[in-house]
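Here's the structure we're looking at; comments come further down.
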Amino acid sequence: MSDHNTTNMQSNSSSTKPKPASQNSEKATEYLPPLVVTKAYNLITGDEDSRVCKEIPEQACRHQPRNFFGYLIANFLGKVADELASAKLILPWLMGALGAPSALVGFLVPIRESGVLLPQLFVAAKVRNRPRRKGVWLLGAALSGFALILMAITAISFTGATAGWMILFALVVFSLARGLCSVSAKDVLGKTVSKGKRGVLMGVSAGLAGVAGLVVGIYIEFYNSTPPIELLAWLLLFGGILWFIALLFFNTINEHDGATEGGGNAIKTAFESFSLLKTDLPFRHYVIGRILLLSSALVPPFYILIAQEYSAGELTGLGMLIISAGIASMVSAPLWGKLGDYSSKLVMAFASVGIGALGVALFTLIEADSNWLLNPLTHAFFFFAITVFHGGVRLGRKIYLVDLANEHTRATYVALSNTVIGIAMLTGGLIGLLADIISIHFVILLLSLIAFAAAWWNARLKEVSVKGD
């Protein structure tokens with residue numbers, strides 16, 4: 001009998017033994033009931049068994065539904081926050097409303113784009129040397145949230161050049177932080193979500209973000225009664241809050257240790273490979289063409305300033321611009337993707353011609369003092385078109401570089417071209433000075449002429465697409 005009691009005591013003792021802290025913390029991060037998460041995961045991905053995994057660690061497989069939704073929701077919230085602080089739409093309108101110099105507006109896109117690129121080049125090796133990269137993303141998300149909140153505070157506290165400089169400073173922080181997110185996100189995704197499910201995840205996330213953007217645009221255009229600057233400040237504040245919510249969801253991802261070898265420094269590789277610009281003629285021609293294509297990235301903020309001038313400083317038309325940009329992003333990708341498979345260089349050329357023609361048309365309307373410019377739909381059309389054509393430029397240049405390179409040169413091509421373009425983008429921001437010296441629509445005309453030059457140059461590139469041979 002004593003043996004039996006002893007056995008029971010041992011059994012009870014083992015059953016009440018506390019679980020390891022790692023298990024407790026893991027369970028604490030499961031915000032949704034596992035059954036609900038698993039059923040939703042199976043519904044979205046079409047899987048009948050969430051335990052089927054490809055190319056991810058075995059220990060990550062059982063956490064895949066939770067990881068899938070943690071990444072999806074965080075990515076969706078980040079995309080929405082990015083749109084609420086768009087350097088091509090929201091920030092130019094805000095700076096114009098605050099009376100910031102047009103020259104500063106010209107640096108919005110260069111800082112946003114280059115700021116994301118450069119930290120990737122510098123910190124790629126250090127991130128690669130970390131067994132777990134989730135913490136890098138969390139740091140980037142927190143800094144992104146603080147940066148947008150700083151912009152919101154600036155909007156309601158300062159005006160003129162002071163406001164402009166403070167927004168640019170916050171944008172530098174925001175862009176560097178987004179670089180941290182970008183350099184770590186794909187690694188985390190590759191370790192936690194199975195191959196064959198990643199495209200579904202990104203597609204659903206982008207689609208939901210597009211719908212959210214349309215809702216914001218409709219609200220601003222048809223239902224908003226808040227004063228312009230106050231509303232824009234609220235949008236930025238909301239974007240900052242979204243980043244902190246995204247941080248909470250991303251933190252639910254269960255990431256296991258990964259490989260740390262092979263963490264070469266991309267910036268070192270890029271500088272060591274500068275000789276390619278001399279010896280590799282097709283690649284050099286591509287880089288020159290891509291520099292000329294920067295005109296498509298630099299011009300949208302000036303379209304916003306023109307639209308704002310004809311809205312008498314109110315928000316009339318801003319909602320339409322947001323709606324048009326959202327629709328353009330949704331419809332342009334399939335169109336350019338199919339054409340890009342035929343000939344990516346012709347996609348770049350055709351899209352550049354469109355950008356040039358739009359700029360000349362808008363310049364002509366302004367010079368003629370056309371009454372059409374008093375209609376917000378006119379500016380919505382121009383912004384829709386410029387977004388569609390810019391989408392063609394982006395997709396065309398990406399496809400061309402992939403087709404031009406091979407497995408031995410692709411990494412070097414990407415690192416070197418991104419380094420050159422990052423520097424060129426920052427230099428291109430100086431074109432905004434001409435907006436203050438001459439006029440905004442003169443800058444649009446100049447960038448449009450450069451777009452025509454980009455079309456001519458890229459049409460003469462070596463053909464690399466299989467269907468275009």
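Starting from 1 in every chain, residues are counted up; chains themselves are A, B, ... following the order of the structure tokens, and ligands are numbered from 1 as listed.
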List the neighbours of A:Ala185 out to 12 Å using only C-alpha atoms; skip same-chain residues closer than 2 positions along the sequence, and give me the result as number ranges by chain. A: 71-72, 74-75, 78, 120, 124, 127-128, 132-141, 178-183, 187-193, 198, 202, 250, 253, 255
May I have the selected residues written with N, CA and C atoms, as a short mmCIF file (atom, residue, chain, number, x, y, z; two decimals), in the first residue's frame?
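Output below, filename result-v2.cif:
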data_model
loop_
_atom_site.label_atom_id
_atom_site.label_comp_id
_atom_site.auth_asym_id
_atom_site.auth_seq_id
_atom_site.Cartn_x
_atom_site.Cartn_y
_atom_site.Cartn_z
N TYR A 71 2.41 36.95 -39.55
CA TYR A 71 3.10 37.67 -40.62
C TYR A 71 2.11 38.43 -41.49
N LEU A 72 0.99 37.77 -41.84
CA LEU A 72 0.02 38.39 -42.73
C LEU A 72 -0.56 39.67 -42.13
N ALA A 74 0.63 41.53 -39.63
CA ALA A 74 1.67 42.55 -39.45
C ALA A 74 2.02 43.20 -40.79
N ASN A 75 2.11 42.39 -41.85
CA ASN A 75 2.45 42.93 -43.17
C ASN A 75 1.34 43.82 -43.70
N GLY A 78 1.40 47.12 -41.80
CA GLY A 78 2.54 47.92 -42.25
C GLY A 78 2.29 48.56 -43.60
N GLN A 120 20.07 48.38 -45.82
CA GLN A 120 20.15 46.99 -46.21
C GLN A 120 21.56 46.63 -46.63
N ALA A 124 23.21 44.07 -43.81
CA ALA A 124 22.82 42.74 -44.27
C ALA A 124 23.65 41.65 -43.60
N VAL A 127 22.74 41.19 -39.86
CA VAL A 127 21.45 40.52 -39.71
C VAL A 127 21.60 39.04 -40.02
N ARG A 128 22.36 38.74 -41.06
CA ARG A 128 22.57 37.35 -41.46
C ARG A 128 23.29 36.57 -40.35
N ARG A 132 18.32 34.41 -35.12
CA ARG A 132 16.92 34.81 -35.21
C ARG A 132 16.85 36.29 -35.62
N ARG A 133 16.02 36.57 -36.63
CA ARG A 133 15.99 37.94 -37.18
C ARG A 133 14.71 38.69 -36.87
N LYS A 134 13.81 38.04 -36.12
CA LYS A 134 12.55 38.69 -35.79
C LYS A 134 12.76 39.98 -35.02
N GLY A 135 13.75 39.99 -34.13
CA GLY A 135 14.01 41.18 -33.33
C GLY A 135 14.40 42.39 -34.16
N VAL A 136 15.07 42.16 -35.30
CA VAL A 136 15.44 43.27 -36.18
C VAL A 136 14.19 43.91 -36.76
N TRP A 137 13.23 43.08 -37.16
CA TRP A 137 11.97 43.61 -37.70
C TRP A 137 11.21 44.38 -36.62
N LEU A 138 11.18 43.85 -35.42
CA LEU A 138 10.47 44.52 -34.33
C LEU A 138 11.07 45.89 -34.03
N LEU A 139 12.41 45.98 -34.07
CA LEU A 139 13.07 47.27 -33.87
C LEU A 139 12.68 48.24 -34.98
N GLY A 140 12.70 47.77 -36.23
CA GLY A 140 12.32 48.62 -37.35
C GLY A 140 10.88 49.08 -37.26
N ALA A 141 9.98 48.20 -36.81
CA ALA A 141 8.57 48.57 -36.67
C ALA A 141 8.39 49.64 -35.60
N ARG A 178 12.38 51.28 -42.00
CA ARG A 178 11.77 50.38 -42.97
C ARG A 178 12.81 49.49 -43.63
N GLY A 179 14.04 50.02 -43.74
CA GLY A 179 15.13 49.20 -44.26
C GLY A 179 15.41 48.01 -43.35
N LEU A 180 15.38 48.23 -42.04
CA LEU A 180 15.57 47.14 -41.09
C LEU A 180 14.48 46.09 -41.25
N CYS A 181 13.25 46.54 -41.42
CA CYS A 181 12.15 45.60 -41.62
C CYS A 181 12.34 44.80 -42.91
N SER A 182 12.72 45.50 -43.96
CA SER A 182 12.86 44.86 -45.26
C SER A 182 13.96 43.81 -45.27
N VAL A 183 15.08 44.12 -44.64
CA VAL A 183 16.23 43.21 -44.69
C VAL A 183 16.01 41.97 -43.84
N ASP A 187 13.76 36.85 -44.54
CA ASP A 187 14.39 35.74 -43.83
C ASP A 187 13.40 35.08 -42.87
N VAL A 188 12.67 35.90 -42.12
CA VAL A 188 11.69 35.35 -41.18
C VAL A 188 10.61 34.59 -41.92
N LEU A 189 10.14 35.15 -43.02
CA LEU A 189 9.10 34.49 -43.82
C LEU A 189 9.59 33.14 -44.32
N GLY A 190 10.83 33.10 -44.83
CA GLY A 190 11.38 31.87 -45.38
C GLY A 190 11.57 30.78 -44.34
N LYS A 191 11.73 31.16 -43.08
CA LYS A 191 11.95 30.18 -42.01
C LYS A 191 10.66 29.73 -41.33
N THR A 192 9.57 30.47 -41.52
CA THR A 192 8.37 30.20 -40.73
C THR A 192 7.14 29.85 -41.55
N VAL A 193 7.12 30.17 -42.84
CA VAL A 193 5.97 29.87 -43.69
C VAL A 193 6.44 29.02 -44.86
N ARG A 198 3.69 31.34 -49.42
CA ARG A 198 4.18 32.71 -49.25
C ARG A 198 3.53 33.66 -50.22
N MET A 202 1.35 37.04 -49.28
CA MET A 202 1.64 38.39 -49.75
C MET A 202 0.50 38.94 -50.60
N PHE A 250 3.58 40.56 -35.17
CA PHE A 250 4.81 39.95 -35.67
C PHE A 250 5.53 39.21 -34.54
N ILE A 253 5.05 35.42 -34.03
CA ILE A 253 5.69 34.44 -34.90
C ILE A 253 6.70 33.62 -34.11
N GLU A 255 9.84 31.81 -34.28
CA GLU A 255 11.02 31.68 -35.14
C GLU A 255 12.09 30.86 -34.44
#
Surrounding residues of stretch 318-333 of chain A excluding itself and chain neighbours under 3 positions, 10 Å, only C-alpha atoms, as a VMD selection string: chain A and resid 83 to 84 86 89 to 90 93 206 to 207 209 to 224 228 304 307 to 308 311 314 to 315 336 to 338 376 to 392 394 to 395
Kindly save the residues from that selection, with C-alpha atoms included, as a PDB file, in the first residue's frame.
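Contents of selection30.pdb, as written:
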ATOM      1  CA  GLU A  83       0.117  54.383 -47.547  1.00  0.00           C
ATOM      2  CA  LEU A  84      -0.957  56.772 -44.794  1.00  0.00           C
ATOM      3  CA  SER A  86       3.093  58.013 -48.678  1.00  0.00           C
ATOM      4  CA  LEU A  89       0.916  61.522 -52.045  1.00  0.00           C
ATOM      5  CA  ILE A  90       0.212  62.252 -48.373  1.00  0.00           C
ATOM      6  CA  TRP A  93       0.119  67.405 -49.714  1.00  0.00           C
ATOM      7  CA  ALA A 206      -1.589  43.451 -50.558  1.00  0.00           C
ATOM      8  CA  GLY A 207      -5.237  43.008 -51.549  1.00  0.00           C
ATOM      9  CA  ALA A 209      -4.199  46.904 -47.946  1.00  0.00           C
ATOM     10  CA  GLY A 210      -5.541  48.074 -51.298  1.00  0.00           C
ATOM     11  CA  VAL A 211      -9.110  47.864 -50.024  1.00  0.00           C
ATOM     12  CA  ALA A 212      -8.128  49.782 -46.884  1.00  0.00           C
ATOM     13  CA  GLY A 213      -6.569  52.506 -49.046  1.00  0.00           C
ATOM     14  CA  LEU A 214      -9.757  52.846 -51.061  1.00  0.00           C
ATOM     15  CA  VAL A 215     -11.795  53.151 -47.868  1.00  0.00           C
ATOM     16  CA  VAL A 216      -9.518  55.937 -46.620  1.00  0.00           C
ATOM     17  CA  GLY A 217      -9.817  57.754 -49.941  1.00  0.00           C
ATOM     18  CA  ILE A 218     -13.609  57.478 -50.003  1.00  0.00           C
ATOM     19  CA  TYR A 219     -13.851  58.763 -46.430  1.00  0.00           C
ATOM     20  CA  ILE A 220     -11.625  61.780 -47.119  1.00  0.00           C
ATOM     21  CA  GLU A 221     -13.413  62.684 -50.334  1.00  0.00           C
ATOM     22  CA  PHE A 222     -17.037  62.211 -49.334  1.00  0.00           C
ATOM     23  CA  TYR A 223     -17.420  62.075 -45.556  1.00  0.00           C
ATOM     24  CA  ASN A 224     -14.617  64.050 -43.922  1.00  0.00           C
ATOM     25  CA  PRO A 228      -6.926  69.549 -43.708  1.00  0.00           C
ATOM     26  CA  ILE A 304       0.351  66.470 -55.937  1.00  0.00           C
ATOM     27  CA  ALA A 307      -3.401  69.361 -57.583  1.00  0.00           C
ATOM     28  CA  GLN A 308      -3.197  71.114 -54.226  1.00  0.00           C
ATOM     29  CA  SER A 311      -7.867  72.869 -54.650  1.00  0.00           C
ATOM     30  CA  GLU A 314      -8.399  72.339 -48.978  1.00  0.00           C
ATOM     31  CA  LEU A 315      -8.707  68.568 -49.042  1.00  0.00           C
ATOM     32  CA  TRP A 336       2.605  45.087 -67.142  1.00  0.00           C
ATOM     33  CA  GLY A 337       3.420  41.543 -66.001  1.00  0.00           C
ATOM     34  CA  LYS A 338       2.109  39.983 -69.197  1.00  0.00           C
ATOM     35  CA  PRO A 376     -10.495  67.361 -59.079  1.00  0.00           C
ATOM     36  CA  LEU A 377     -11.216  64.525 -61.505  1.00  0.00           C
ATOM     37  CA  THR A 378      -8.629  65.938 -63.902  1.00  0.00           C
ATOM     38  CA  HIS A 379      -5.902  65.593 -61.296  1.00  0.00           C
ATOM     39  CA  ALA A 380      -7.205  62.181 -60.255  1.00  0.00           C
ATOM     40  CA  PHE A 381      -6.872  61.050 -63.878  1.00  0.00           C
ATOM     41  CA  PHE A 382      -3.310  62.345 -64.153  1.00  0.00           C
ATOM     42  CA  PHE A 383      -2.299  60.698 -60.882  1.00  0.00           C
ATOM     43  CA  PHE A 384      -3.981  57.441 -61.904  1.00  0.00           C
ATOM     44  CA  ALA A 385      -2.062  57.447 -65.172  1.00  0.00           C
ATOM     45  CA  ILE A 386       1.278  58.389 -63.623  1.00  0.00           C
ATOM     46  CA  THR A 387       0.853  55.577 -61.068  1.00  0.00           C
ATOM     47  CA  VAL A 388       0.069  53.055 -63.808  1.00  0.00           C
ATOM     48  CA  PHE A 389       3.085  54.069 -65.903  1.00  0.00           C
ATOM     49  CA  HIS A 390       5.391  54.161 -62.882  1.00  0.00           C
ATOM     50  CA  GLY A 391       4.245  50.629 -62.097  1.00  0.00           C
ATOM     51  CA  GLY A 392       5.353  49.633 -65.590  1.00  0.00           C
ATOM     52  CA  ARG A 394       9.264  49.381 -61.768  1.00  0.00           C
ATOM     53  CA  LEU A 395       8.168  46.000 -63.051  1.00  0.00           C
TER      54      LEU A 395
END
Identify, on the basis of only C-alpha atoms, every residue whose closest approach to A:Trp243 does not exceed 7 Å; exclude the query and any residue fewer than 4 positions from it along the same chain; express the result as a PyMOL selection string. chain A and resi 77-78+81+141-142+144-145+239+247
Please save C-alpha atoms of the selected residues as a short mmCIF file (atom, residue, chain, number, x, y, z; two decimals), in the first residue's frame.
data_model
loop_
_atom_site.label_atom_id
_atom_site.label_comp_id
_atom_site.auth_asym_id
_atom_site.auth_seq_id
_atom_site.Cartn_x
_atom_site.Cartn_y
_atom_site.Cartn_z
CA LEU A 77 -0.92 46.79 -41.11
CA GLY A 78 2.54 47.92 -42.25
CA ALA A 81 0.64 52.58 -42.48
CA ALA A 141 8.57 48.57 -36.67
CA ALA A 142 8.97 50.46 -33.38
CA SER A 144 8.69 53.41 -37.91
CA GLY A 145 5.84 54.03 -35.46
CA GLY A 239 -0.23 55.03 -39.15
CA LEU A 247 4.77 44.80 -33.88
#
A:Ile156 environment, 10 Å, only C-alpha atoms, sequence neighbours closer than 5 positions dropped, as a PDB file with C-alpha atoms, in the first residue's frame:
ATOM      1  CA  LEU A  98       2.138  73.662 -44.084  1.00  0.00           C
ATOM      2  CA  MET A 151       5.424  63.679 -38.244  1.00  0.00           C
ATOM      3  CA  ALA A 163       7.918  71.915 -40.522  1.00  0.00           C
ATOM      4  CA  ILE A 229      -3.807  69.702 -41.550  1.00  0.00           C
ATOM      5  CA  GLU A 230      -5.563  68.187 -38.561  1.00  0.00           C
ATOM      6  CA  LEU A 231      -6.852  65.286 -40.664  1.00  0.00           C
ATOM      7  CA  LEU A 232      -3.422  64.584 -42.157  1.00  0.00           C
ATOM      8  CA  ALA A 233      -1.937  64.646 -38.670  1.00  0.00           C
ATOM      9  CA  TRP A 234      -4.540  62.107 -37.551  1.00  0.00           C
TER      10      TRP A 234
END
Near-stretch 346-350 of chain A list (10 Å; only C-alpha atoms; drop same-chain fewer than 5 positions) as a PDB file with C-alpha atoms, in the first residue's frame:
ATOM      1  CA  GLY A 289      18.773  53.434 -68.384  1.00  0.00           C
ATOM      2  CA  ARG A 290      17.692  52.917 -64.792  1.00  0.00           C
ATOM      3  CA  LEU A 293      14.040  56.053 -65.261  1.00  0.00           C
ATOM      4  CA  TRP A 336       2.605  45.087 -67.142  1.00  0.00           C
ATOM      5  CA  GLY A 337       3.420  41.543 -66.001  1.00  0.00           C
ATOM      6  CA  LYS A 338       2.109  39.983 -69.197  1.00  0.00           C
ATOM      7  CA  LEU A 339       3.846  42.568 -71.383  1.00  0.00           C
ATOM      8  CA  GLY A 340       7.047  42.162 -69.359  1.00  0.00           C
ATOM      9  CA  ASP A 341       7.223  38.474 -70.237  1.00  0.00           C
ATOM     10  CA  ILE A 355       5.118  59.477 -68.290  1.00  0.00           C
ATOM     11  CA  GLY A 356       6.661  61.980 -70.690  1.00  0.00           C
ATOM     12  CA  PHE A 389       3.085  54.069 -65.903  1.00  0.00           C
ATOM     13  CA  HIS A 390       5.391  54.161 -62.882  1.00  0.00           C
ATOM     14  CA  GLY A 391       4.245  50.629 -62.097  1.00  0.00           C
ATOM     15  CA  GLY A 392       5.353  49.633 -65.590  1.00  0.00           C
ATOM     16  CA  VAL A 393       8.765  51.196 -65.087  1.00  0.00           C
ATOM     17  CA  ARG A 394       9.264  49.381 -61.768  1.00  0.00           C
ATOM     18  CA  LEU A 395       8.168  46.000 -63.051  1.00  0.00           C
ATOM     19  CA  GLY A 396      10.018  46.316 -66.346  1.00  0.00           C
ATOM     20  CA  ARG A 397      13.368  47.169 -64.784  1.00  0.00           C
ATOM     21  CA  LYS A 398      13.066  44.322 -62.251  1.00  0.00           C
ATOM     22  CA  ILE A 399      12.268  41.731 -64.908  1.00  0.00           C
ATOM     23  CA  TYR A 400      15.022  43.042 -67.177  1.00  0.00           C
ATOM     24  CA  ALA A 451      11.411  60.287 -69.323  1.00  0.00           C
ATOM     25  CA  PHE A 452      11.424  60.580 -73.124  1.00  0.00           C
ATOM     26  CA  ALA A 453      15.203  60.159 -73.035  1.00  0.00           C
ATOM     27  CA  ALA A 454      14.734  57.087 -70.822  1.00  0.00           C
ATOM     28  CA  ALA A 455      12.310  55.625 -73.365  1.00  0.00           C
ATOM     29  CA  TRP A 456      14.775  56.139 -76.221  1.00  0.00           C
ATOM     30  CA  TRP A 457      17.691  54.671 -74.264  1.00  0.00           C
ATOM     31  CA  ASN A 458      15.879  51.627 -72.865  1.00  0.00           C
ATOM     32  CA  ALA A 459      14.338  50.744 -76.206  1.00  0.00           C
ATOM     33  CA  ARG A 460      17.915  50.322 -77.494  1.00  0.00           C
ATOM     34  CA  LEU A 461      18.985  47.938 -74.725  1.00  0.00           C
ATOM     35  CA  GLU A 463      16.897  42.145 -75.723  1.00  0.00           C
ATOM     36  CA  GLY A 468      11.072  39.213 -77.300  1.00  0.00           C
TER      37      GLY A 468
END
Residues near stretch 359-364 of chain A, anyone? I mean within 6 Å using only C-alpha atoms, not counting same-chain ones fewer than 2 positions away, as a PDB file with N, CA and C atoms, in the first residue's frame.
ATOM      1  N   GLY A 356       6.282  60.753 -69.990  1.00  0.00           N
ATOM      2  CA  GLY A 356       6.661  61.980 -70.690  1.00  0.00           C
ATOM      3  C   GLY A 356       5.465  62.691 -71.289  1.00  0.00           C
ATOM      4  N   ALA A 357       4.571  61.932 -71.915  1.00  0.00           N
ATOM      5  CA  ALA A 357       3.387  62.533 -72.551  1.00  0.00           C
ATOM      6  C   ALA A 357       2.463  63.159 -71.505  1.00  0.00           C
ATOM      7  N   ILE A 366      -1.547  73.843 -67.857  1.00  0.00           N
ATOM      8  CA  ILE A 366      -1.231  74.915 -66.900  1.00  0.00           C
ATOM      9  C   ILE A 366      -0.872  76.204 -67.634  1.00  0.00           C
ATOM     10  N   GLU A 367      -0.073  76.079 -68.678  1.00  0.00           N
ATOM     11  CA  GLU A 367       0.315  77.258 -69.445  1.00  0.00           C
ATOM     12  C   GLU A 367      -0.900  77.915 -70.101  1.00  0.00           C
ATOM     13  N   HIS A 441       5.478  73.387 -62.372  1.00  0.00           N
ATOM     14  CA  HIS A 441       5.175  72.708 -63.636  1.00  0.00           C
ATOM     15  C   HIS A 441       6.371  72.696 -64.578  1.00  0.00           C
ATOM     16  N   ILE A 444       8.039  69.487 -63.676  1.00  0.00           N
ATOM     17  CA  ILE A 444       7.310  68.374 -64.297  1.00  0.00           C
ATOM     18  C   ILE A 444       7.703  68.227 -65.760  1.00  0.00           C
ATOM     19  N   LEU A 445       7.807  69.361 -66.474  1.00  0.00           N
ATOM     20  CA  LEU A 445       8.211  69.316 -67.877  1.00  0.00           C
ATOM     21  C   LEU A 445       9.622  68.757 -68.023  1.00  0.00           C
ATOM     22  N   SER A 448       9.687  65.123 -67.458  1.00  0.00           N
ATOM     23  CA  SER A 448       9.006  64.459 -68.573  1.00  0.00           C
ATOM     24  C   SER A 448       9.940  64.309 -69.767  1.00  0.00           C
TER      25      SER A 448
END
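Atom CA of A:Phe283 is positioned 7.8 Å from atom CA of A:Tyr413.
Proximity ranking of A:Leu373, A:Tyr342, A:Pro65, A:Ile437 relative to A:Leu201 places A:Pro65 first, based on only C-alpha atoms.
If only C-alpha atoms are the atoms counted, then among A:Leu305, A:Ala435, A:Ala147, A:Leu208 the closest residue to A:Met95 is A:Leu305.
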Selection: 12 Å around A:Leu277, only C-alpha atoms, excl. self and same-chain fewer than 4 positions, as a list in words: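 Residues near the query, excluding close chain neighbours: Ala270, Phe271, Glu272, Ser273, Leu281, Pro282, Phe283, Arg284, His285, Tyr286, Val287, Ile288, Thr412, Tyr413, Leu416, Ser417 and Val420 of chain A.
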Keeping C-alpha atoms for every residue in the selection just given, could you write it to a file as a PDB file, in the first residue's frame?
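Generated file (selection34.pdb):
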ATOM      1  CA  ALA A 270      29.051  46.346 -54.523  1.00  0.00           C
ATOM      2  CA  PHE A 271      32.155  48.516 -54.210  1.00  0.00           C
ATOM      3  CA  GLU A 272      34.457  45.642 -55.094  1.00  0.00           C
ATOM      4  CA  SER A 273      32.409  45.073 -58.247  1.00  0.00           C
ATOM      5  CA  LEU A 281      28.595  46.678 -71.497  1.00  0.00           C
ATOM      6  CA  PRO A 282      24.968  45.360 -71.298  1.00  0.00           C
ATOM      7  CA  PHE A 283      24.931  45.897 -67.530  1.00  0.00           C
ATOM      8  CA  ARG A 284      26.362  49.414 -67.860  1.00  0.00           C
ATOM      9  CA  HIS A 285      23.702  50.288 -70.413  1.00  0.00           C
ATOM     10  CA  TYR A 286      21.028  48.967 -68.036  1.00  0.00           C
ATOM     11  CA  VAL A 287      22.333  51.083 -65.136  1.00  0.00           C
ATOM     12  CA  ILE A 288      22.317  54.221 -67.302  1.00  0.00           C
ATOM     13  CA  THR A 412      26.441  41.369 -57.767  1.00  0.00           C
ATOM     14  CA  TYR A 413      24.214  43.081 -60.328  1.00  0.00           C
ATOM     15  CA  LEU A 416      25.929  47.296 -57.501  1.00  0.00           C
ATOM     16  CA  SER A 417      22.918  48.733 -59.327  1.00  0.00           C
ATOM     17  CA  VAL A 420      24.472  53.448 -57.845  1.00  0.00           C
TER      18      VAL A 420
END
Identify, with DSSP run on backbone atoms, the residues in stretch 274-322 of chain A assigned to alpha helix (DSSP H), and express the list as a ChimeraX atom specification. /A:276-279,281-292,294-298,300-309,318-322
Emit the selected residues as a compact mmCIF listing (two decimals), in the first residue's frame, including N, CA and C atoms.
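Output contents, as saved in part-v3.txt:
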# COMPACT_ATOMS: atom_id res chain seq x y z
N LEU A 276 32.68 46.29 -63.00
CA LEU A 276 31.71 45.77 -63.96
C LEU A 276 31.12 46.87 -64.83
N LEU A 277 31.03 48.08 -64.28
CA LEU A 277 30.49 49.19 -65.05
C LEU A 277 31.39 49.53 -66.24
N LYS A 278 32.63 49.13 -66.16
CA LYS A 278 33.55 49.33 -67.28
C LYS A 278 33.58 48.14 -68.22
N THR A 279 33.56 46.94 -67.66
CA THR A 279 33.79 45.74 -68.47
C THR A 279 32.52 45.09 -68.99
N LEU A 281 29.30 45.66 -70.72
CA LEU A 281 28.60 46.68 -71.50
C LEU A 281 27.07 46.59 -71.34
N PRO A 282 26.43 45.42 -71.46
CA PRO A 282 24.97 45.36 -71.30
C PRO A 282 24.52 45.83 -69.92
N PHE A 283 25.30 45.48 -68.89
CA PHE A 283 24.93 45.90 -67.53
C PHE A 283 25.09 47.40 -67.38
N ARG A 284 26.17 47.97 -67.94
CA ARG A 284 26.36 49.41 -67.86
C ARG A 284 25.24 50.15 -68.56
N HIS A 285 24.81 49.66 -69.70
CA HIS A 285 23.70 50.29 -70.41
C HIS A 285 22.42 50.22 -69.59
N TYR A 286 22.21 49.10 -68.88
CA TYR A 286 21.03 48.97 -68.04
C TYR A 286 21.07 49.98 -66.89
N VAL A 287 22.21 50.15 -66.26
CA VAL A 287 22.33 51.08 -65.14
C VAL A 287 22.06 52.51 -65.60
N ILE A 288 22.58 52.88 -66.76
CA ILE A 288 22.32 54.22 -67.30
C ILE A 288 20.82 54.40 -67.55
N GLY A 289 20.21 53.37 -68.13
CA GLY A 289 18.77 53.43 -68.38
C GLY A 289 17.97 53.55 -67.10
N ARG A 290 18.42 52.85 -66.06
CA ARG A 290 17.69 52.92 -64.79
C ARG A 290 17.84 54.28 -64.14
N ILE A 291 18.98 54.92 -64.31
CA ILE A 291 19.16 56.28 -63.78
C ILE A 291 18.18 57.23 -64.46
N LEU A 292 18.04 57.10 -65.78
CA LEU A 292 17.10 57.95 -66.50
C LEU A 292 15.65 57.68 -66.07
N LEU A 294 14.63 57.20 -63.19
CA LEU A 294 14.32 57.84 -61.91
C LEU A 294 13.34 59.00 -62.07
N SER A 295 13.24 59.52 -63.28
CA SER A 295 12.29 60.61 -63.52
C SER A 295 10.87 60.19 -63.16
N SER A 296 10.55 58.92 -63.37
CA SER A 296 9.19 58.43 -63.06
C SER A 296 8.94 58.38 -61.56
N ALA A 297 10.00 58.19 -60.76
CA ALA A 297 9.85 58.15 -59.30
C ALA A 297 9.85 59.55 -58.70
N LEU A 298 10.57 60.47 -59.32
CA LEU A 298 10.71 61.82 -58.77
C LEU A 298 9.52 62.72 -59.06
N PRO A 300 5.95 62.23 -59.24
CA PRO A 300 4.61 62.23 -58.62
C PRO A 300 4.37 63.29 -57.56
N PRO A 301 5.32 63.58 -56.63
CA PRO A 301 5.03 64.61 -55.62
C PRO A 301 4.70 65.98 -56.22
N PHE A 302 5.27 66.28 -57.39
CA PHE A 302 5.01 67.58 -58.01
C PHE A 302 3.60 67.62 -58.63
N TYR A 303 3.11 66.44 -59.06
CA TYR A 303 1.71 66.36 -59.49
C TYR A 303 0.78 66.68 -58.32
N ILE A 304 1.16 66.22 -57.13
CA ILE A 304 0.35 66.47 -55.94
C ILE A 304 0.34 67.96 -55.60
N LEU A 305 1.48 68.61 -55.72
CA LEU A 305 1.54 70.05 -55.43
C LEU A 305 0.68 70.84 -56.40
N ILE A 306 0.66 70.43 -57.67
CA ILE A 306 -0.19 71.10 -58.66
C ILE A 306 -1.66 70.89 -58.30
N ALA A 307 -2.02 69.64 -57.96
CA ALA A 307 -3.40 69.36 -57.58
C ALA A 307 -3.81 70.19 -56.37
N GLN A 308 -2.90 70.34 -55.43
CA GLN A 308 -3.20 71.11 -54.23
C GLN A 308 -3.39 72.60 -54.54
N GLU A 309 -2.61 73.12 -55.46
CA GLU A 309 -2.74 74.53 -55.86
C GLU A 309 -4.14 74.82 -56.38
N LEU A 318 -8.05 65.30 -52.64
CA LEU A 318 -7.07 64.38 -52.06
C LEU A 318 -7.63 62.97 -51.99
N GLY A 319 -8.90 62.85 -51.58
CA GLY A 319 -9.52 61.53 -51.53
C GLY A 319 -9.55 60.88 -52.89
N MET A 320 -9.86 61.67 -53.93
CA MET A 320 -9.88 61.13 -55.30
C MET A 320 -8.50 60.66 -55.72
N LEU A 321 -7.46 61.38 -55.31
CA LEU A 321 -6.10 60.97 -55.64
C LEU A 321 -5.75 59.64 -54.97
N ILE A 322 -6.15 59.49 -53.72
CA ILE A 322 -5.88 58.23 -53.02
C ILE A 322 -6.64 57.08 -53.67
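As for atom CA of A:Leu236 and atom CA of A:Ala85, they are spaced 6.1 Å apart.
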Taking only C-alpha atoms into account, which of A:Ala415, A:Leu171, A:Ile111, A:Tyr310 comes nearest A:Ser370? A:Tyr310
